[in-house]
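Raw structure_27.txt, compact mmCIF, C-alpha atoms:
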```txt
# COMPACT_ATOMS: atom_id res chain seq x y z
CA ALA G 184 1.51 -10.28 6.96
CA GLN G 185 2.47 -6.63 6.97
CA SER G 186 2.00 -4.10 4.19
CA VAL G 187 1.62 -0.36 3.66
CA THR G 188 -0.28 1.43 0.92
CA GLN G 189 0.14 5.11 0.22
CA LEU G 190 -2.66 6.55 -1.85
CA GLY G 191 -1.39 9.02 -4.39
CA SER G 192 2.19 8.98 -5.61
CA HIS G 193 2.06 12.74 -6.18
CA VAL G 194 0.26 15.44 -4.22
CA SER G 195 0.36 19.14 -5.09
CA VAL G 196 -0.81 21.93 -2.83
CA SER G 197 -0.49 25.69 -2.69
CA GLU G 198 1.57 27.32 0.00
CA GLY G 199 -0.64 27.81 3.04
CA ALA G 200 -3.06 25.03 2.08
CA LEU G 201 -3.79 21.89 4.04
CA VAL G 202 -1.49 18.94 3.41
CA LEU G 203 -3.05 15.47 3.57
CA LEU G 204 -1.01 12.40 2.69
CA ARG G 205 -2.83 9.10 2.96
CA CYS G 206 -1.50 5.84 4.36
CA ASN G 207 -3.32 2.57 4.95
CA TYR G 208 -1.75 -0.47 6.49
CA SER G 209 -2.30 -4.16 6.96
CA SER G 210 -0.84 -5.92 9.95
CA SER G 211 -1.53 -9.19 11.73
CA VAL G 212 -0.15 -7.75 14.98
CA PRO G 213 -0.48 -4.34 16.66
CA PRO G 214 1.65 -2.07 14.51
CA TYR G 215 4.16 0.62 15.16
CA LEU G 216 3.64 3.25 12.46
CA PHE G 217 6.01 5.91 11.17
CA TRP G 218 6.22 8.73 8.70
CA TYR G 219 9.62 9.52 7.22
CA VAL G 220 10.56 12.42 4.95
CA GLN G 221 13.25 12.32 2.29
CA TYR G 222 14.67 15.49 0.78
CA PRO G 223 16.56 15.26 -2.51
CA ASN G 224 19.85 13.39 -2.22
CA GLN G 225 19.36 12.82 1.49
CA GLY G 226 18.48 10.00 3.81
CA LEU G 227 15.17 9.35 5.53
CA GLN G 228 14.34 11.54 8.48
CA LEU G 229 11.72 10.53 11.03
CA LEU G 230 8.74 12.92 11.11
CA LEU G 231 6.64 11.17 13.71
CA LYS G 232 5.71 7.80 15.09
CA TYR G 233 2.82 5.94 16.70
CA THR G 234 3.57 3.15 19.12
CA THR G 235 0.86 2.91 21.77
CA GLY G 236 -1.35 5.32 23.67
CA ALA G 237 -2.56 8.59 22.19
CA THR G 238 -3.76 8.05 18.65
CA LEU G 239 -3.05 11.61 17.51
CA VAL G 240 0.68 12.07 17.32
CA LYS G 241 2.57 15.24 16.63
CA GLY G 242 5.86 15.41 14.85
CA ILE G 243 8.42 17.85 13.65
CA ASN G 244 7.77 20.79 11.32
CA GLY G 245 4.09 21.04 12.29
CA PHE G 246 3.06 17.62 10.97
CA GLU G 247 0.71 15.30 12.77
CA ALA G 248 -0.93 11.95 12.10
CA GLU G 249 -3.85 10.04 13.55
CA PHE G 250 -3.88 6.30 14.06
CA LYS G 251 -7.33 4.90 13.24
CA LYS G 252 -7.45 1.20 13.95
CA SER G 253 -10.97 0.76 12.59
CA GLU G 254 -9.92 2.24 9.27
CA THR G 255 -6.37 0.80 9.34
CA SER G 256 -5.13 4.26 8.47
CA PHE G 257 -2.38 6.60 9.56
CA HIS G 258 -2.81 9.74 7.45
CA LEU G 259 -0.32 12.59 7.69
CA THR G 260 -1.55 16.18 7.86
CA LYS G 261 -0.23 19.70 8.19
CA PRO G 262 -2.62 22.66 8.46
CA SER G 263 -0.56 25.04 6.33
CA ALA G 264 1.99 23.97 3.74
CA HIS G 265 5.31 25.69 3.40
CA MET G 266 7.63 25.65 0.40
CA SER G 267 10.20 23.82 2.49
CA ASP G 268 7.78 20.89 2.91
CA ALA G 269 8.35 19.82 -0.69
CA ALA G 270 9.88 16.35 -0.42
CA GLU G 271 9.02 12.68 -0.63
CA TYR G 272 7.13 11.18 2.28
CA PHE G 273 7.13 7.54 3.28
CA CYS G 274 4.73 5.75 5.58
CA ALA G 275 6.23 2.71 7.30
CA LEU G 276 5.13 -0.07 9.59
CA ARG G 277 6.95 -2.20 12.06
CA GLY G 278 5.00 -5.09 13.49
CA GLY G 279 5.58 -7.50 16.31
CA SER G 280 8.91 -6.33 17.59
CA THR G 281 10.71 -3.07 18.28
CA LEU G 282 13.68 -4.52 16.43
CA GLY G 283 11.74 -5.77 13.45
CA ARG G 284 12.26 -4.55 9.93
CA LEU G 285 10.26 -1.68 8.45
CA TYR G 286 7.69 -2.17 5.72
CA PHE G 287 7.49 0.93 3.54
CA GLY G 288 4.86 2.37 1.28
CA ARG G 289 5.85 3.48 -2.21
CA GLY G 290 6.12 7.09 -1.16
CA THR G 291 4.25 10.30 -1.95
CA GLN G 292 6.00 13.20 -3.64
CA LEU G 293 4.69 16.47 -2.22
CA THR G 294 4.93 19.58 -4.39
CA VAL G 295 4.17 22.98 -2.88
CA TRP G 296 3.27 25.82 -5.25
CA PRO G 297 3.88 29.46 -4.30
CA ASP I 271 22.48 14.21 11.65
CA SER I 272 21.05 10.77 12.45
CA GLY I 273 24.33 9.43 13.81
CA VAL I 274 24.43 6.68 11.18
CA THR I 275 27.39 7.01 8.82
CA GLN I 276 27.60 5.45 5.40
CA THR I 277 30.57 5.44 3.07
CA PRO I 278 31.10 6.08 0.29
CA LYS I 279 28.35 8.54 -0.67
CA HIS I 280 28.70 7.80 -4.36
CA LEU I 281 30.10 4.84 -6.23
CA ILE I 282 30.38 4.31 -9.97
CA THR I 283 31.51 0.93 -11.18
CA ALA I 284 31.30 -1.34 -14.20
CA THR I 285 29.13 -4.38 -14.72
CA GLY I 286 30.61 -7.56 -13.33
CA GLN I 287 32.54 -5.78 -10.61
CA ARG I 288 32.30 -6.13 -6.85
CA VAL I 289 31.83 -3.30 -4.33
CA THR I 290 31.61 -2.95 -0.57
CA LEU I 291 29.38 -0.45 1.17
CA ARG I 292 30.11 0.43 4.76
CA CYS I 293 27.84 1.49 7.59
CA SER I 294 28.59 2.68 11.12
CA PRO I 295 25.46 2.60 13.30
CA ARG I 296 24.56 5.08 16.01
CA SER I 297 26.61 4.65 19.13
CA GLY I 298 25.20 1.77 21.15
CA ASP I 299 22.77 0.50 18.50
CA LEU I 300 23.13 -3.24 18.08
CA SER I 301 20.76 -3.68 15.17
CA VAL I 302 21.66 -2.73 11.59
CA TYR I 303 19.38 -2.90 8.56
CA TRP I 304 20.14 -2.54 4.86
CA TYR I 305 17.59 -1.23 2.37
CA GLN I 306 17.72 -0.69 -1.36
CA GLN I 307 15.82 2.21 -2.92
CA SER I 308 15.12 2.23 -6.64
CA LEU I 309 12.54 3.98 -8.80
CA ASP I 310 10.78 0.80 -9.85
CA GLN I 311 10.94 -1.17 -6.57
CA GLY I 312 10.74 1.57 -3.96
CA LEU I 313 12.36 0.87 -0.58
CA GLN I 314 13.18 -2.81 -0.29
CA PHE I 315 14.47 -4.46 2.86
CA LEU I 316 17.59 -6.50 2.22
CA ILE I 317 18.94 -7.83 5.50
CA GLN I 318 19.18 -7.21 9.24
CA TYR I 319 21.97 -7.95 11.69
CA TYR I 320 21.76 -7.86 15.44
CA ASN I 321 24.94 -7.85 17.51
CA GLY I 322 26.90 -9.65 14.82
CA GLU I 323 24.30 -12.24 13.92
CA GLU I 324 22.00 -12.28 10.92
CA ARG I 325 18.46 -11.74 12.22
CA ALA I 326 16.22 -11.33 9.18
CA LYS I 327 16.53 -11.58 5.44
CA GLY I 328 14.45 -9.83 2.83
CA ASN I 329 14.73 -9.53 -0.91
CA ILE I 330 18.48 -9.91 -1.00
CA LEU I 331 20.04 -11.45 -4.09
CA GLU I 332 22.50 -14.32 -3.77
CA ARG I 333 25.13 -12.05 -5.33
CA PHE I 334 24.78 -9.78 -2.30
CA SER I 335 26.05 -10.52 1.18
CA ALA I 336 26.51 -8.63 4.41
CA GLN I 337 28.14 -8.93 7.77
CA GLN I 338 28.34 -7.09 11.06
CA PHE I 339 31.66 -6.88 12.82
CA PRO I 340 32.48 -6.96 16.55
CA ASP I 341 32.65 -3.16 16.62
CA LEU I 342 29.08 -3.23 15.21
CA HIS I 343 29.83 -1.62 11.88
CA SER I 344 28.37 -3.43 8.92
CA GLU I 345 29.36 -4.00 5.32
CA LEU I 346 27.19 -4.86 2.35
CA ASN I 347 29.02 -6.66 -0.43
CA LEU I 348 27.60 -6.58 -3.93
CA SER I 349 29.22 -8.77 -6.56
CA SER I 350 28.80 -9.55 -10.27
CA LEU I 351 27.12 -6.20 -10.56
CA GLU I 352 24.42 -5.64 -13.15
CA LEU I 353 22.93 -2.43 -14.51
CA GLY I 354 19.80 -3.13 -12.52
CA ASP I 355 21.72 -2.97 -9.25
CA SER I 356 22.05 0.79 -9.66
CA ALA I 357 20.19 2.22 -6.70
CA LEU I 358 20.46 4.08 -3.42
CA TYR I 359 21.49 1.77 -0.59
CA PHE I 360 20.54 2.80 2.92
CA CYS I 361 21.72 1.57 6.23
CA ALA I 362 19.64 2.09 9.37
CA SER I 363 20.16 1.26 13.01
CA SER I 364 17.95 0.73 16.04
CA SER I 365 18.51 0.34 19.71
CA GLN I 366 16.98 -2.49 21.71
CA GLY I 367 14.84 -0.14 23.75
CA GLY I 368 13.84 2.17 20.93
CA THR I 369 11.03 1.91 18.41
CA GLU I 370 12.30 3.81 15.40
CA ALA I 371 15.11 3.23 12.95
CA PHE I 372 17.64 5.94 12.16
CA PHE I 373 18.86 6.14 8.60
CA GLY I 374 22.17 7.09 7.08
CA GLN I 375 22.52 9.38 4.07
CA GLY I 376 22.83 6.42 1.74
CA THR I 377 25.29 5.26 -0.88
CA ARG I 378 24.31 5.95 -4.46
CA LEU I 379 25.58 3.10 -6.62
CA THR I 380 25.73 3.53 -10.37
CA VAL I 381 26.64 0.51 -12.46
CA VAL I 382 27.71 1.37 -16.02
```
What's the structure tokens form of this structure?
Amino acid sequence: AQSVTQLGSHVSVSEGALVLLRCNYSSSVPPYLFWYVQYPNQGLQLLLKYTTGATLVKGINGFEAEFKKSETSFHLTKPSAHMSDAAEYFCALRGGSTLGRLYFGRGTQLTVWP
Amino acid sequence: DSGVTQTPKHLITATGQRVTLRCSPRSGDLSVYWYQQSLDQGLQFLIQYYNGEERAKGNILERFSAQQFPDLHSELNLSSLELGDSALYFCASSSQGGTEAFFGQGTRLTVV
């Protein structure tokens, strides 16, 4: 069975501060893991993905995430938050097949204060 | 621009009515997925089609149906609409060799 848990439905940081959005997963097969971002009234945009190989993956807009199999985690980080990072972030899992459906977490709303 | 096109962007309709949402996948993508996003349920997988055939089914109500046509575009049909069907409906597509899904901008359905 596949599932994704995002810890914290709301995260607030100051501009320039570290961003850390937490994601834990459960999968009976080796997972493909993704982070998507959703800006207001827009669709989901892929930030980054982990498939195989290097466990630290870099994405767009300075975000990165580390796949930790032992902790079943795939946390998203950015060293320095920018006002434009304010959005909703979704962690997702695809297991067993590159064409399989995505399992999404409930999302984390990121607020960035000036 | 993800390359996935959804129409219409907004739809307002009355309870009991029927609507059709349309999705054109990225060029060459054979797989199409439909998701429903609501405040209380989050992002819920509805159904997947691959090259015209239904491949996987999720939490799709019997009042809802979908199909994928020979030109690979897909339609999601919602009937006997209820207030609770108000949500954002997303279409996504994937290629056989790719790992990620690309999402359209969504159709916001409001049932009044």
Would you give me, as an mmCIF file with C-alpha atoms, keeping the file's coordinate frame, the residues of chain I that come within 8 Å of chain G, using all atoms listed in the file?
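Wrote part-v2.cif, looks like this:
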```
data_model
loop_
_atom_site.group_PDB
_atom_site.id
_atom_site.type_symbol
_atom_site.label_atom_id
_atom_site.label_comp_id
_atom_site.auth_asym_id
_atom_site.auth_seq_id
_atom_site.Cartn_x
_atom_site.Cartn_y
_atom_site.Cartn_z
ATOM 1 C CA SER I 272 21.050 10.770 12.450
ATOM 2 C CA SER I 301 20.760 -3.680 15.170
ATOM 3 C CA TYR I 303 19.380 -2.900 8.560
ATOM 4 C CA GLY I 312 10.740 1.570 -3.960
ATOM 5 C CA LEU I 313 12.360 0.870 -0.580
ATOM 6 C CA GLN I 314 13.180 -2.810 -0.290
ATOM 7 C CA PHE I 315 14.470 -4.460 2.860
ATOM 8 C CA GLN I 318 19.180 -7.210 9.240
ATOM 9 C CA ALA I 326 16.220 -11.330 9.180
ATOM 10 C CA PHE I 360 20.540 2.800 2.920
ATOM 11 C CA SER I 364 17.950 0.730 16.040
ATOM 12 C CA SER I 365 18.510 0.340 19.710
ATOM 13 C CA GLN I 366 16.980 -2.490 21.710
ATOM 14 C CA GLY I 367 14.840 -0.140 23.750
ATOM 15 C CA GLY I 368 13.840 2.170 20.930
ATOM 16 C CA THR I 369 11.030 1.910 18.410
ATOM 17 C CA GLU I 370 12.300 3.810 15.400
ATOM 18 C CA PHE I 372 17.640 5.940 12.160
ATOM 19 C CA PHE I 373 18.860 6.140 8.600
ATOM 20 C CA GLY I 374 22.170 7.090 7.080
ATOM 21 C CA GLN I 375 22.520 9.380 4.070
ATOM 22 C CA GLY I 376 22.830 6.420 1.740
#
```
Legend entry - atom CA of G:Gln189 to atom CA of G:Tyr208, straight-line distance in Å: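 Answer for the atom CA of G:Tyr208 to atom CA of G:Gln189 separation: 8.6 Å.
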Inset, instruction - Using atom CA of G:Ala184 and atom CA of I:Leu358 as the two end points, give the distance in Å to one decimal. - result: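 We find that atom CA of G:Ala184 and atom CA of I:Leu358 lie 25.9 Å from each other.
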Could the centre and edge lengths of an axis-aligned box, enclosing all atoms of stretch 306-320 of chain I in the file with 4 Å extra on each side, be given in Å to one decimal as lines of an AutoDock Vina configuration file?
```
center_x = 16.4
center_y = -2.0
center_z = 2.8
size_x = 19.2
size_y = 19.9
size_z = 33.3
```
Legend entry - Distance in Å - atom CA of G:Phe257 versus atom CA of I:Asp299: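 Those two atoms sit 27.4 Å apart.
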Inset, instruction - With a distance cut-off of 10 Å and all atoms listed in the file, select the neighbouring residues of stretch 241-246 of chain G, excluding the residue or stretch itself and same-chain residues fewer than 3 positions from it, and output the selection as a list in words. - result: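 Using all atoms listed in the file, the neighbours found are Val202, Leu203, Trp218, Leu229, Leu230, Leu231, Lys232, Tyr233, Thr238, Glu249, Leu259, Thr260, Lys261, Pro262, Ser263, Ala264, His265, Ser267 and Asp268 of chain G.
Across I:Ser308, I:Ser344, I:Ser363, I:Glu352, the tightest approach to I:Arg296 is made by I:Ser363 when counting only C-alpha atoms.
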List as a CSV table (one decimal) with C-alpha atoms, in the coordinates of the input the protein and nucleic acid residues near I:Cys293, meaning an atom at most 6 Å away when only C-alpha atoms are counted, but skip any in the same chain fewer than 4 places from it.
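Contents of the output file part_22.csv:
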```csv
chain,number,residue,atom,x,y,z
I,275,THR,CA,27.4,7.0,8.8
I,276,GLN,CA,27.6,5.4,5.4
I,343,HIS,CA,29.8,-1.6,11.9
I,344,SER,CA,28.4,-3.4,8.9
```
Inset, instruction - Might you pull out every residue within 10 Å of I:Gln287, with only C-alpha atoms counted and same-chain residues fewer than 6 positions away left off, and present them as a PyMOL selection string? - result: chain I and resi 348-352+381
Inset, instruction - Name the closest residue to G:Asn207 among the candidates G:Ala237, G:Met266, G:Thr294, G:Phe250; distances are taken between atoms, counting all atoms listed in the file. - result: G:Phe250
Contacts of stretch 336-340 of chain I at 10 Å (only C-alpha atoms; same-chain gap of 6+ positions) as a PDB file with C-alpha atoms, in the coordinates of the input:
```
ATOM      1  CA  THR I 290      31.610  -2.950  -0.570  1.00  0.00           C
ATOM      2  CA  LEU I 291      29.380  -0.450   1.170  1.00  0.00           C
ATOM      3  CA  ARG I 292      30.110   0.430   4.760  1.00  0.00           C
ATOM      4  CA  CYS I 293      27.840   1.490   7.590  1.00  0.00           C
ATOM      5  CA  SER I 294      28.590   2.680  11.120  1.00  0.00           C
ATOM      6  CA  LEU I 300      23.130  -3.240  18.080  1.00  0.00           C
ATOM      7  CA  SER I 301      20.760  -3.680  15.170  1.00  0.00           C
ATOM      8  CA  VAL I 302      21.660  -2.730  11.590  1.00  0.00           C
ATOM      9  CA  TRP I 304      20.140  -2.540   4.860  1.00  0.00           C
ATOM     10  CA  LEU I 316      17.590  -6.500   2.220  1.00  0.00           C
ATOM     11  CA  ILE I 317      18.940  -7.830   5.500  1.00  0.00           C
ATOM     12  CA  GLN I 318      19.180  -7.210   9.240  1.00  0.00           C
ATOM     13  CA  TYR I 319      21.970  -7.950  11.690  1.00  0.00           C
ATOM     14  CA  TYR I 320      21.760  -7.860  15.440  1.00  0.00           C
ATOM     15  CA  ASN I 321      24.940  -7.850  17.510  1.00  0.00           C
ATOM     16  CA  GLY I 322      26.900  -9.650  14.820  1.00  0.00           C
ATOM     17  CA  GLU I 323      24.300 -12.240  13.920  1.00  0.00           C
ATOM     18  CA  GLU I 324      22.000 -12.280  10.920  1.00  0.00           C
ATOM     19  CA  ILE I 330      18.480  -9.910  -1.000  1.00  0.00           C
ATOM     20  CA  LEU I 346      27.190  -4.860   2.350  1.00  0.00           C
ATOM     21  CA  ASN I 347      29.020  -6.660  -0.430  1.00  0.00           C
ATOM     22  CA  LEU I 348      27.600  -6.580  -3.930  1.00  0.00           C
TER      23      LEU I 348
END
```
